[in-house]
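Remarks on the structure that follows.
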Amino acid sequence: MSEIRILIVDDSSVMRKIVERSLRQAGLEIMKVHEAGSGTEGLDVLKVSQVDLILSDINMPSMDGLEFLRQLRAQNLAAGVPVVMITTESSEEHVKQAILAGAQGYIRKPFTAEQVKERVLPLVCAA
Amino acid sequence: MAVSLRESVQLVSDPRNLDASIEEIFQLMLGVNCERTSEPLAKEPESVTAVVGFGGLLSGACVFSCGSSAAMKIAAHMTGMDFDEVDDTVKDGIGEICNMLAGAWKGKVPDLAANCGLSVPAVITGRDYNLRVQAPEFQLKHAYRFEDAGFAVTIVCDGLQ
């Protein structure tokens with residue numbers, strides 16, 4: 001697998017580190033990690049940087065993950081880049097909203113590296 | 001049909017849901033086992049409290065409290081780093097534990113998972129403070145221990161539709 005560039009959007013810096021660590025444990029060769037603390041910051045990153053994978057929390061201040069996804073599509077940023085939501089919200093309704101907003105995957109916190117591998121690797125390999 | 005939790009209050013307030021949520025989060029995110037304890041938490045000069053609010057069919061809060069040494073130990077397990085003070089990373093880690101706990105707890109009851117939102121975590125640190133919350137509907141307060149660290153979790157419900 002070639003090296004990839006990722007964007008992790010989460011208002012918790014600790015969770016961003018845990019997500020990155022889990023991706024590495026899943027076997028992803030990560031060339032560059034961009035971090036953003038909100039959807040607004042995530043959009044700013046994508047205006048100047050190319051990424052191969054986006055992982056985003058939902059429940060964030062300033063701009064939440066669902067609005068971030070909608071803005072991503074509306075502004076035609078990161079077209080074709082898979083987006084995986086990583087969040088504490090786990091109801092079917094939240095999953096449905098995320099998929100409707102354009103997410104390709106959904107991981108519930110707390111998670112294991114194995115779950116990250118199962119949900120993320122197929123998307124990265126298919127992209 | 002309008003959803004109501006009023007008739008499933010016993011399910012919502014089942015104390016086993018809180019224990020199961022703690023077990024899940026500490027095993028998956030920290031790699032440690034916790035046990036529930038009836039012993040009071042050791043008093044420490046500085047303590048850390050995280051609060052995540054519930055809104056929707058249930059209003060209230062999830063409150064996670066511990067001393068500074070337990071907070072640093074939890075953050076160390078989460079990040080793989082060592083801490084000698086309660087810095088922003090430690091506070092962030094405790095806030096995230098509380099956030100995951102609130103999400104896992106409400107996720108145990110499907111109607112609650114779908115109809116109850118979470119606030120972003122607020123974290124309070126300091127000495128000699130008390131947190132008083134009203135819980136007219138119900139309150140769960142459990143203390144837990146892992147290794148030599150202790151913490152307390154309180155679920156307060158001040159409104160149920």
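Quick note on naming: the chains in the structure tokens go A, B, ... in the order shown, residues restart at 1 in each chain, and ligands are numbered from 1 in order of appearance.
Omitting region 58-61 of chain A and its sequence neighbours fewer than 4 positions away, and counting only C-alpha atoms, the residues within 9 Å are Val9, Asp10, Asp11, Ser12, Gly37, Ser38, Gly39, Gly65, Leu66, Glu67, Phe68, Met85, Ile86, Thr87, Thr88, Glu89 and Ala98 of chain A; Leu118, Ser119 and Val120 of chain B.
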Keeping only N, CA and C atoms, write the selected residues to a file as a PDB file, in the first residue's frame.
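Below is the file that was written, again-v2.pdb:
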```
ATOM      1  N   VAL A   9     -10.150  15.313  11.984  1.00  0.00           N
ATOM      2  CA  VAL A   9     -10.892  16.462  12.525  1.00  0.00           C
ATOM      3  C   VAL A   9     -11.549  16.036  13.835  1.00  0.00           C
ATOM      4  N   ASP A  10     -11.089  16.591  14.919  1.00  0.00           N
ATOM      5  CA  ASP A  10     -11.659  16.272  16.239  1.00  0.00           C
ATOM      6  C   ASP A  10     -11.263  17.396  17.184  1.00  0.00           C
ATOM      7  N   ASP A  11     -12.202  17.826  18.028  1.00  0.00           N
ATOM      8  CA  ASP A  11     -11.861  18.913  18.953  1.00  0.00           C
ATOM      9  C   ASP A  11     -10.961  18.440  20.080  1.00  0.00           C
ATOM     10  N   SER A  12     -10.768  17.149  20.232  1.00  0.00           N
ATOM     11  CA  SER A  12      -9.873  16.612  21.259  1.00  0.00           C
ATOM     12  C   SER A  12      -8.521  16.262  20.637  1.00  0.00           C
ATOM     13  N   GLY A  37      -9.214  21.091  14.656  1.00  0.00           N
ATOM     14  CA  GLY A  37      -9.996  21.021  15.887  1.00  0.00           C
ATOM     15  C   GLY A  37     -11.476  21.269  15.704  1.00  0.00           C
ATOM     16  N   SER A  38     -11.888  21.558  14.475  1.00  0.00           N
ATOM     17  CA  SER A  38     -13.311  21.794  14.186  1.00  0.00           C
ATOM     18  C   SER A  38     -13.533  21.625  12.693  1.00  0.00           C
ATOM     19  N   GLY A  39     -14.791  21.599  12.303  1.00  0.00           N
ATOM     20  CA  GLY A  39     -15.106  21.515  10.884  1.00  0.00           C
ATOM     21  C   GLY A  39     -14.569  22.714  10.118  1.00  0.00           C
ATOM     22  N   GLY A  65     -19.350  17.841  12.763  1.00  0.00           N
ATOM     23  CA  GLY A  65     -18.881  16.975  11.694  1.00  0.00           C
ATOM     24  C   GLY A  65     -19.851  16.818  10.539  1.00  0.00           C
ATOM     25  N   LEU A  66     -21.150  16.849  10.833  1.00  0.00           N
ATOM     26  CA  LEU A  66     -22.128  16.715   9.754  1.00  0.00           C
ATOM     27  C   LEU A  66     -22.148  17.963   8.870  1.00  0.00           C
ATOM     28  N   GLU A  67     -22.066  19.125   9.489  1.00  0.00           N
ATOM     29  CA  GLU A  67     -22.026  20.364   8.708  1.00  0.00           C
ATOM     30  C   GLU A  67     -20.708  20.436   7.929  1.00  0.00           C
ATOM     31  N   PHE A  68     -19.627  19.957   8.538  1.00  0.00           N
ATOM     32  CA  PHE A  68     -18.338  19.892   7.842  1.00  0.00           C
ATOM     33  C   PHE A  68     -18.478  19.061   6.558  1.00  0.00           C
ATOM     34  N   MET A  85     -16.596   8.851   9.708  1.00  0.00           N
ATOM     35  CA  MET A  85     -16.954   9.548  10.937  1.00  0.00           C
ATOM     36  C   MET A  85     -16.547   8.680  12.135  1.00  0.00           C
ATOM     37  N   ILE A  86     -15.913   9.303  13.120  1.00  0.00           N
ATOM     38  CA  ILE A  86     -15.543   8.600  14.358  1.00  0.00           C
ATOM     39  C   ILE A  86     -16.184   9.377  15.500  1.00  0.00           C
ATOM     40  N   THR A  87     -17.152   8.770  16.158  1.00  0.00           N
ATOM     41  CA  THR A  87     -17.958   9.565  17.083  1.00  0.00           C
ATOM     42  C   THR A  87     -18.581   8.733  18.203  1.00  0.00           C
ATOM     43  N   THR A  88     -18.970   9.419  19.261  1.00  0.00           N
ATOM     44  CA  THR A  88     -19.674   8.743  20.356  1.00  0.00           C
ATOM     45  C   THR A  88     -21.140   8.512  20.009  1.00  0.00           C
ATOM     46  N   GLU A  89     -21.656   9.270  19.040  1.00  0.00           N
ATOM     47  CA  GLU A  89     -23.066   9.125  18.659  1.00  0.00           C
ATOM     48  C   GLU A  89     -23.232   7.844  17.842  1.00  0.00           C
ATOM     49  N   ALA A  98     -25.107  10.766   8.750  1.00  0.00           N
ATOM     50  CA  ALA A  98     -23.718  10.847   8.276  1.00  0.00           C
ATOM     51  C   ALA A  98     -23.602  10.321   6.846  1.00  0.00           C
TER      52      ALA A  98
ATOM     53  N   LEU B 118     -25.639  15.232  22.984  1.00  0.00           N
ATOM     54  CA  LEU B 118     -24.569  15.470  23.946  1.00  0.00           C
ATOM     55  C   LEU B 118     -23.960  16.847  23.720  1.00  0.00           C
ATOM     56  N   SER B 119     -23.600  17.504  24.809  1.00  0.00           N
ATOM     57  CA  SER B 119     -22.849  18.760  24.669  1.00  0.00           C
ATOM     58  C   SER B 119     -21.374  18.419  24.511  1.00  0.00           C
ATOM     59  N   VAL B 120     -20.568  19.389  24.106  1.00  0.00           N
ATOM     60  CA  VAL B 120     -19.123  19.161  24.136  1.00  0.00           C
ATOM     61  C   VAL B 120     -18.681  19.203  25.601  1.00  0.00           C
TER      62      VAL B 120
END
```
Would you kindly return, as a list of chain:residue names, each protein, DNA or RNA residue with an atom no farther than 9 Å from any atom of region 153-155 of chain B, considering only C-alpha atoms and excluding same-chain residues fewer than 5 positions away?
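Once the adjacent positions are removed, what remains is B:Ser13, B:Leu18, B:Gly60, B:Ala61, B:Cys62, B:Val63, B:Phe64, B:Ser65, B:Cys66, B:Cys98, B:Ala102, B:Ala135, B:Phe138, B:Gln139, B:Leu140, B:Lys141, B:His142, B:Ala143, B:Tyr144.
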Compute the chain A side of the contact with chain B at 6 Å, counting only C-alpha atoms, and hand it back as a CSV table (one decimal) with N, CA and C atoms, in the first residue's frame.
```
chain,number,residue,atom,x,y,z
A,14,VAL,N,-6.1,14.8,22.1
A,14,VAL,CA,-5.8,13.4,22.6
A,14,VAL,C,-6.5,12.4,21.6
A,88,THR,N,-19.0,9.4,19.3
A,88,THR,CA,-19.7,8.7,20.4
A,88,THR,C,-21.1,8.5,20.0
A,91,SER,N,-26.5,6.0,17.3
A,91,SER,CA,-27.8,5.6,16.9
A,91,SER,C,-27.9,5.4,15.4
A,110,PRO,N,-16.0,4.2,22.1
A,110,PRO,CA,-14.6,3.8,22.0
A,110,PRO,C,-14.4,2.7,20.9
```
Residue list (strand (DSSP E), DSSP) for chain A, as an MDAnalysis selection string:
chainID A and resid 4:9 30:36 53:56 83:87 105:108
Same residues, N, CA and C atoms, saved as an mmCIF file, in the first residue's frame:
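Result file out-v1.cif:
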```cif
data_model
loop_
_atom_site.group_PDB
_atom_site.id
_atom_site.type_symbol
_atom_site.label_atom_id
_atom_site.label_comp_id
_atom_site.auth_asym_id
_atom_site.auth_seq_id
_atom_site.Cartn_x
_atom_site.Cartn_y
_atom_site.Cartn_z
ATOM 1 N N ILE A 4 -0.067 7.412 2.457
ATOM 2 C CA ILE A 4 -1.235 8.281 2.274
ATOM 3 C C ILE A 4 -1.173 9.515 3.169
ATOM 4 N N ARG A 5 -1.960 10.497 2.784
ATOM 5 C CA ARG A 5 -2.068 11.745 3.548
ATOM 6 C C ARG A 5 -3.478 11.781 4.162
ATOM 7 N N ILE A 6 -3.526 12.060 5.450
ATOM 8 C CA ILE A 6 -4.827 12.016 6.121
ATOM 9 C C ILE A 6 -5.136 13.333 6.828
ATOM 10 N N LEU A 7 -6.423 13.590 6.987
ATOM 11 C CA LEU A 7 -6.904 14.718 7.797
ATOM 12 C C LEU A 7 -7.752 14.152 8.920
ATOM 13 N N ILE A 8 -7.383 14.485 10.158
ATOM 14 C CA ILE A 8 -8.176 14.063 11.317
ATOM 15 C C ILE A 8 -8.820 15.312 11.926
ATOM 16 N N VAL A 9 -10.150 15.313 11.984
ATOM 17 C CA VAL A 9 -10.892 16.462 12.525
ATOM 18 C C VAL A 9 -11.549 16.036 13.835
ATOM 19 N N ILE A 30 1.465 6.161 6.736
ATOM 20 C CA ILE A 30 1.003 7.549 6.696
ATOM 21 C C ILE A 30 2.171 8.477 6.396
ATOM 22 N N MET A 31 2.026 9.237 5.321
ATOM 23 C CA MET A 31 3.085 10.161 4.923
ATOM 24 C C MET A 31 2.915 11.502 5.632
ATOM 25 N N LYS A 32 1.663 11.927 5.773
ATOM 26 C CA LYS A 32 1.418 13.248 6.357
ATOM 27 C C LYS A 32 0.089 13.232 7.113
ATOM 28 N N VAL A 33 0.094 13.762 8.327
ATOM 29 C CA VAL A 33 -1.140 13.885 9.107
ATOM 30 C C VAL A 33 -1.477 15.366 9.275
ATOM 31 N N HIS A 34 -2.625 15.763 8.797
ATOM 32 C CA HIS A 34 -3.133 17.111 9.056
ATOM 33 C C HIS A 34 -4.145 16.982 10.191
ATOM 34 N N GLU A 35 -4.121 17.929 11.123
ATOM 35 C CA GLU A 35 -5.078 17.899 12.227
ATOM 36 C C GLU A 35 -5.923 19.169 12.219
ATOM 37 N N ALA A 36 -7.186 19.024 12.601
ATOM 38 C CA ALA A 36 -8.071 20.183 12.721
ATOM 39 C C ALA A 36 -8.954 19.989 13.941
ATOM 40 N N LEU A 53 -7.544 10.615 2.756
ATOM 41 C CA LEU A 53 -8.523 10.057 3.689
ATOM 42 C C LEU A 53 -8.866 11.117 4.737
ATOM 43 N N ILE A 54 -10.155 11.223 5.076
ATOM 44 C CA ILE A 54 -10.595 12.161 6.117
ATOM 45 C C ILE A 54 -11.323 11.378 7.207
ATOM 46 N N LEU A 55 -10.943 11.629 8.459
ATOM 47 C CA LEU A 55 -11.648 11.039 9.597
ATOM 48 C C LEU A 55 -12.158 12.188 10.448
ATOM 49 N N SER A 56 -13.437 12.185 10.762
ATOM 50 C CA SER A 56 -13.999 13.328 11.477
ATOM 51 C C SER A 56 -14.933 12.913 12.604
ATOM 52 N N VAL A 83 -14.532 9.643 3.469
ATOM 53 C CA VAL A 83 -14.677 10.274 4.788
ATOM 54 C C VAL A 83 -15.258 9.245 5.751
ATOM 55 N N VAL A 84 -14.618 9.087 6.891
ATOM 56 C CA VAL A 84 -15.095 8.171 7.928
ATOM 57 C C VAL A 84 -15.395 8.985 9.181
ATOM 58 N N MET A 85 -16.596 8.851 9.708
ATOM 59 C CA MET A 85 -16.954 9.548 10.937
ATOM 60 C C MET A 85 -16.547 8.680 12.135
ATOM 61 N N ILE A 86 -15.913 9.303 13.120
ATOM 62 C CA ILE A 86 -15.543 8.600 14.358
ATOM 63 C C ILE A 86 -16.184 9.377 15.500
ATOM 64 N N THR A 87 -17.152 8.770 16.158
ATOM 65 C CA THR A 87 -17.958 9.565 17.083
ATOM 66 C C THR A 87 -18.581 8.733 18.203
ATOM 67 N N GLY A 105 -17.979 5.801 5.838
ATOM 68 C CA GLY A 105 -17.792 4.864 6.946
ATOM 69 C C GLY A 105 -18.139 5.513 8.269
ATOM 70 N N TYR A 106 -18.276 4.677 9.301
ATOM 71 C CA TYR A 106 -18.716 5.155 10.606
ATOM 72 C C TYR A 106 -18.078 4.278 11.673
ATOM 73 N N ILE A 107 -17.382 4.873 12.602
ATOM 74 C CA ILE A 107 -16.766 4.123 13.704
ATOM 75 C C ILE A 107 -17.226 4.746 15.017
ATOM 76 N N ARG A 108 -17.691 3.905 15.911
ATOM 77 C CA ARG A 108 -18.172 4.426 17.200
ATOM 78 C C ARG A 108 -17.044 4.430 18.229
#
```
Please return, as a VMD selection string, all residues of region 13-149 of chain B that DSSP assigns to alpha helix (DSSP H) on the basis of the backbone.
chain B and resid 15 to 25 68 to 79 88 to 107 110 to 115
Selection from above, N, CA and C atoms, as a tab-separated table (two decimals), in the first residue's frame, can you write it?
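The resulting file, selection_7.tsv, is shown below:
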```tsv
chain	number	residue	atom	x	y	z
B	15	PRO	N	-28.37	0.73	36.91
B	15	PRO	CA	-26.96	1.02	37.24
B	15	PRO	C	-25.98	0.14	36.46
B	16	ARG	N	-26.43	-1.01	35.96
B	16	ARG	CA	-25.52	-1.89	35.22
B	16	ARG	C	-25.06	-1.26	33.91
B	17	ASN	N	-25.89	-0.37	33.35
B	17	ASN	CA	-25.49	0.31	32.11
B	17	ASN	C	-24.25	1.17	32.32
B	18	LEU	N	-24.18	1.81	33.48
B	18	LEU	CA	-23.02	2.66	33.78
B	18	LEU	C	-21.77	1.80	33.97
B	19	ASP	N	-21.90	0.70	34.71
B	19	ASP	CA	-20.75	-0.19	34.93
B	19	ASP	C	-20.25	-0.76	33.60
B	20	ALA	N	-21.18	-1.16	32.72
B	20	ALA	CA	-20.79	-1.74	31.44
B	20	ALA	C	-20.10	-0.70	30.56
B	21	SER	N	-20.56	0.54	30.63
B	21	SER	CA	-19.95	1.61	29.83
B	21	SER	C	-18.52	1.89	30.29
B	22	ILE	N	-18.34	1.92	31.62
B	22	ILE	CA	-16.99	2.14	32.17
B	22	ILE	C	-16.05	1.02	31.73
B	23	GLU	N	-16.53	-0.21	31.86
B	23	GLU	CA	-15.71	-1.37	31.51
B	23	GLU	C	-15.28	-1.30	30.04
B	24	GLU	N	-16.24	-0.99	29.18
B	24	GLU	CA	-15.98	-0.92	27.73
B	24	GLU	C	-14.93	0.15	27.41
B	25	ILE	N	-15.10	1.32	27.97
B	25	ILE	CA	-14.21	2.43	27.62
B	25	ILE	C	-12.80	2.22	28.17
B	68	SER	N	-5.88	14.65	40.77
B	68	SER	CA	-4.92	14.96	39.71
B	68	SER	C	-4.07	13.75	39.35
B	69	SER	N	-3.71	12.92	40.34
B	69	SER	CA	-2.85	11.77	40.03
B	69	SER	C	-3.59	10.76	39.15
B	70	ALA	N	-4.87	10.54	39.43
B	70	ALA	CA	-5.65	9.63	38.58
B	70	ALA	C	-5.83	10.22	37.19
B	71	ALA	N	-6.05	11.53	37.11
B	71	ALA	CA	-6.22	12.18	35.80
B	71	ALA	C	-4.97	12.01	34.96
B	72	MET	N	-3.80	12.19	35.58
B	72	MET	CA	-2.54	12.05	34.83
B	72	MET	C	-2.32	10.59	34.41
B	73	LYS	N	-2.72	9.67	35.27
B	73	LYS	CA	-2.57	8.25	34.93
B	73	LYS	C	-3.49	7.86	33.77
B	74	ILE	N	-4.73	8.35	33.80
B	74	ILE	CA	-5.67	8.06	32.70
B	74	ILE	C	-5.14	8.63	31.38
B	75	ALA	N	-4.69	9.88	31.44
B	75	ALA	CA	-4.16	10.51	30.21
B	75	ALA	C	-2.92	9.77	29.71
B	76	ALA	N	-2.10	9.28	30.64
B	76	ALA	CA	-0.89	8.53	30.24
B	76	ALA	C	-1.26	7.25	29.52
B	77	HIS	N	-2.27	6.56	30.01
B	77	HIS	CA	-2.72	5.33	29.33
B	77	HIS	C	-3.31	5.66	27.95
B	78	MET	N	-3.98	6.79	27.84
B	78	MET	CA	-4.61	7.14	26.56
B	78	MET	C	-3.57	7.52	25.51
B	79	THR	N	-2.55	8.23	25.93
B	79	THR	CA	-1.62	8.83	24.96
B	79	THR	C	-0.27	8.13	24.86
B	88	ASP	N	-3.02	20.86	29.56
B	88	ASP	CA	-4.16	20.86	28.63
B	88	ASP	C	-4.42	19.47	28.04
B	89	THR	N	-3.36	18.69	27.84
B	89	THR	CA	-3.56	17.34	27.28
B	89	THR	C	-4.30	16.45	28.28
B	90	VAL	N	-3.94	16.55	29.55
B	90	VAL	CA	-4.63	15.76	30.58
B	90	VAL	C	-6.10	16.17	30.65
B	91	LYS	N	-6.35	17.47	30.65
B	91	LYS	CA	-7.74	17.96	30.71
B	91	LYS	C	-8.53	17.48	29.49
B	92	ASP	N	-7.88	17.56	28.35
B	92	ASP	CA	-8.51	17.11	27.10
B	92	ASP	C	-8.85	15.62	27.18
B	93	GLY	N	-7.92	14.84	27.70
B	93	GLY	CA	-8.15	13.40	27.82
B	93	GLY	C	-9.30	13.07	28.76
B	94	ILE	N	-9.38	13.76	29.88
B	94	ILE	CA	-10.48	13.51	30.84
B	94	ILE	C	-11.81	13.94	30.22
B	95	GLY	N	-11.79	15.05	29.50
B	95	GLY	CA	-13.01	15.48	28.81
B	95	GLY	C	-13.47	14.45	27.79
B	96	GLU	N	-12.52	13.85	27.09
B	96	GLU	CA	-12.88	12.86	26.07
B	96	GLU	C	-13.39	11.56	26.72
B	97	ILE	N	-12.80	11.18	27.84
B	97	ILE	CA	-13.32	10.01	28.57
B	97	ILE	C	-14.78	10.24	28.97
B	98	CYS	N	-15.06	11.44	29.47
B	98	CYS	CA	-16.43	11.76	29.89
B	98	CYS	C	-17.36	11.76	28.68
B	99	ASN	N	-16.88	12.28	27.56
B	99	ASN	CA	-17.68	12.31	26.33
B	99	ASN	C	-18.02	10.89	25.86
B	100	MET	N	-17.00	10.02	25.84
B	100	MET	CA	-17.24	8.63	25.41
B	100	MET	C	-18.17	7.92	26.38
B	101	LEU	N	-18.00	8.22	27.67
B	101	LEU	CA	-18.82	7.58	28.68
B	101	LEU	C	-20.29	7.99	28.52
B	102	ALA	N	-20.51	9.30	28.31
B	102	ALA	CA	-21.88	9.78	28.11
B	102	ALA	C	-22.50	9.12	26.87
B	103	GLY	N	-21.71	9.01	25.80
B	103	GLY	CA	-22.21	8.39	24.57
B	103	GLY	C	-22.49	6.91	24.75
B	104	ALA	N	-21.57	6.22	25.42
B	104	ALA	CA	-21.75	4.77	25.63
B	104	ALA	C	-22.95	4.51	26.53
B	105	TRP	N	-23.09	5.35	27.58
B	105	TRP	CA	-24.20	5.15	28.52
B	105	TRP	C	-25.55	5.34	27.83
B	106	LYS	N	-25.70	6.42	27.07
B	106	LYS	CA	-27.00	6.63	26.42
B	106	LYS	C	-27.22	5.62	25.29
B	107	GLY	N	-26.13	5.10	24.74
B	107	GLY	CA	-26.24	4.10	23.67
B	107	GLY	C	-26.80	2.77	24.15
B	110	PRO	N	-31.81	2.20	23.25
B	110	PRO	CA	-31.98	2.69	21.87
B	110	PRO	C	-32.75	4.00	21.75
B	111	ASP	N	-33.87	4.15	22.46
B	111	ASP	CA	-34.64	5.39	22.35
B	111	ASP	C	-33.86	6.59	22.88
B	112	LEU	N	-33.01	6.33	23.84
B	112	LEU	CA	-32.18	7.39	24.41
B	112	LEU	C	-31.07	7.75	23.41
B	113	ALA	N	-30.47	6.74	22.81
B	113	ALA	CA	-29.39	6.97	21.84
B	113	ALA	C	-29.88	7.85	20.69
B	114	ALA	N	-31.10	7.60	20.26
B	114	ALA	CA	-31.62	8.30	19.09
B	114	ALA	C	-32.20	9.67	19.40
B	115	ASN	N	-32.57	9.90	20.64
B	115	ASN	CA	-33.33	11.12	20.96
B	115	ASN	C	-32.71	11.97	22.07
```
Give me, please, the distance in Å between CA of Thr40 (chain A) and CA of Val51 (chain B), quoted to one decimal.
24.2 Å
Point-to-point distance in Å for CA of Gly67 (chain B) and CA of Gly126 (chain B)
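We find that CA of Gly126 (chain B) and CA of Gly67 (chain B) lie 9.8 Å from each other.
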Tell me, as JSON, numbers by chain, which residues lie within 10 Å of Arg24 (chain A), counting only C-alpha atoms; anything in the same chain fewer than 6 positions away does not count.
{"A": [18, 30, 113, 116, 117]}
For N, CA and C atoms, I'd like the residues from the last selection saved as a compact mmCIF listing (two decimals), in the first residue's frame.
```txt
# COMPACT_ATOMS: atom_id res chain seq x y z
N ILE A 18 -4.89 9.41 19.22
CA ILE A 18 -5.33 8.01 19.33
C ILE A 18 -5.76 7.49 17.96
N ILE A 30 1.47 6.16 6.74
CA ILE A 30 1.00 7.55 6.70
C ILE A 30 2.17 8.48 6.40
N ALA A 113 -8.20 -0.82 17.40
CA ALA A 113 -7.43 -0.68 16.16
C ALA A 113 -7.96 -1.64 15.10
N VAL A 116 -10.88 -0.07 13.38
CA VAL A 116 -10.40 0.96 12.45
C VAL A 116 -9.90 0.30 11.17
N LYS A 117 -9.17 -0.78 11.35
CA LYS A 117 -8.64 -1.51 10.18
C LYS A 117 -9.78 -2.01 9.29
```
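With only C-alpha atoms taken into account, the protein and nucleic acid residues at most 12 Å from Val48 (chain A) (excluding it and anything under 6 positions from it in its own chain) are His34, Glu41, Gly42, Leu77 and Ala78 of chain A.
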Just-selected residues, N, CA and C atoms written as a PDB file, in the first residue's frame:
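That gives us selection.pdb:
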```pdb
ATOM      1  N   HIS A  34      -2.625  15.763   8.797  1.00  0.00           N
ATOM      2  CA  HIS A  34      -3.133  17.111   9.056  1.00  0.00           C
ATOM      3  C   HIS A  34      -4.145  16.982  10.191  1.00  0.00           C
ATOM      4  N   GLU A  41     -11.909  24.503  10.773  1.00  0.00           N
ATOM      5  CA  GLU A  41     -10.467  24.320  10.563  1.00  0.00           C
ATOM      6  C   GLU A  41     -10.209  23.244   9.511  1.00  0.00           C
ATOM      7  N   GLY A  42     -11.039  22.204   9.517  1.00  0.00           N
ATOM      8  CA  GLY A  42     -10.886  21.131   8.526  1.00  0.00           C
ATOM      9  C   GLY A  42     -11.046  21.650   7.106  1.00  0.00           C
ATOM     10  N   LEU A  77     -14.805  20.377  -2.154  1.00  0.00           N
ATOM     11  CA  LEU A  77     -13.455  20.135  -1.639  1.00  0.00           C
ATOM     12  C   LEU A  77     -13.270  18.637  -1.458  1.00  0.00           C
ATOM     13  N   ALA A  78     -12.045  18.156  -1.657  1.00  0.00           N
ATOM     14  CA  ALA A  78     -11.698  16.743  -1.433  1.00  0.00           C
ATOM     15  C   ALA A  78     -12.645  15.797  -2.168  1.00  0.00           C
TER      16      ALA A  78
END
```
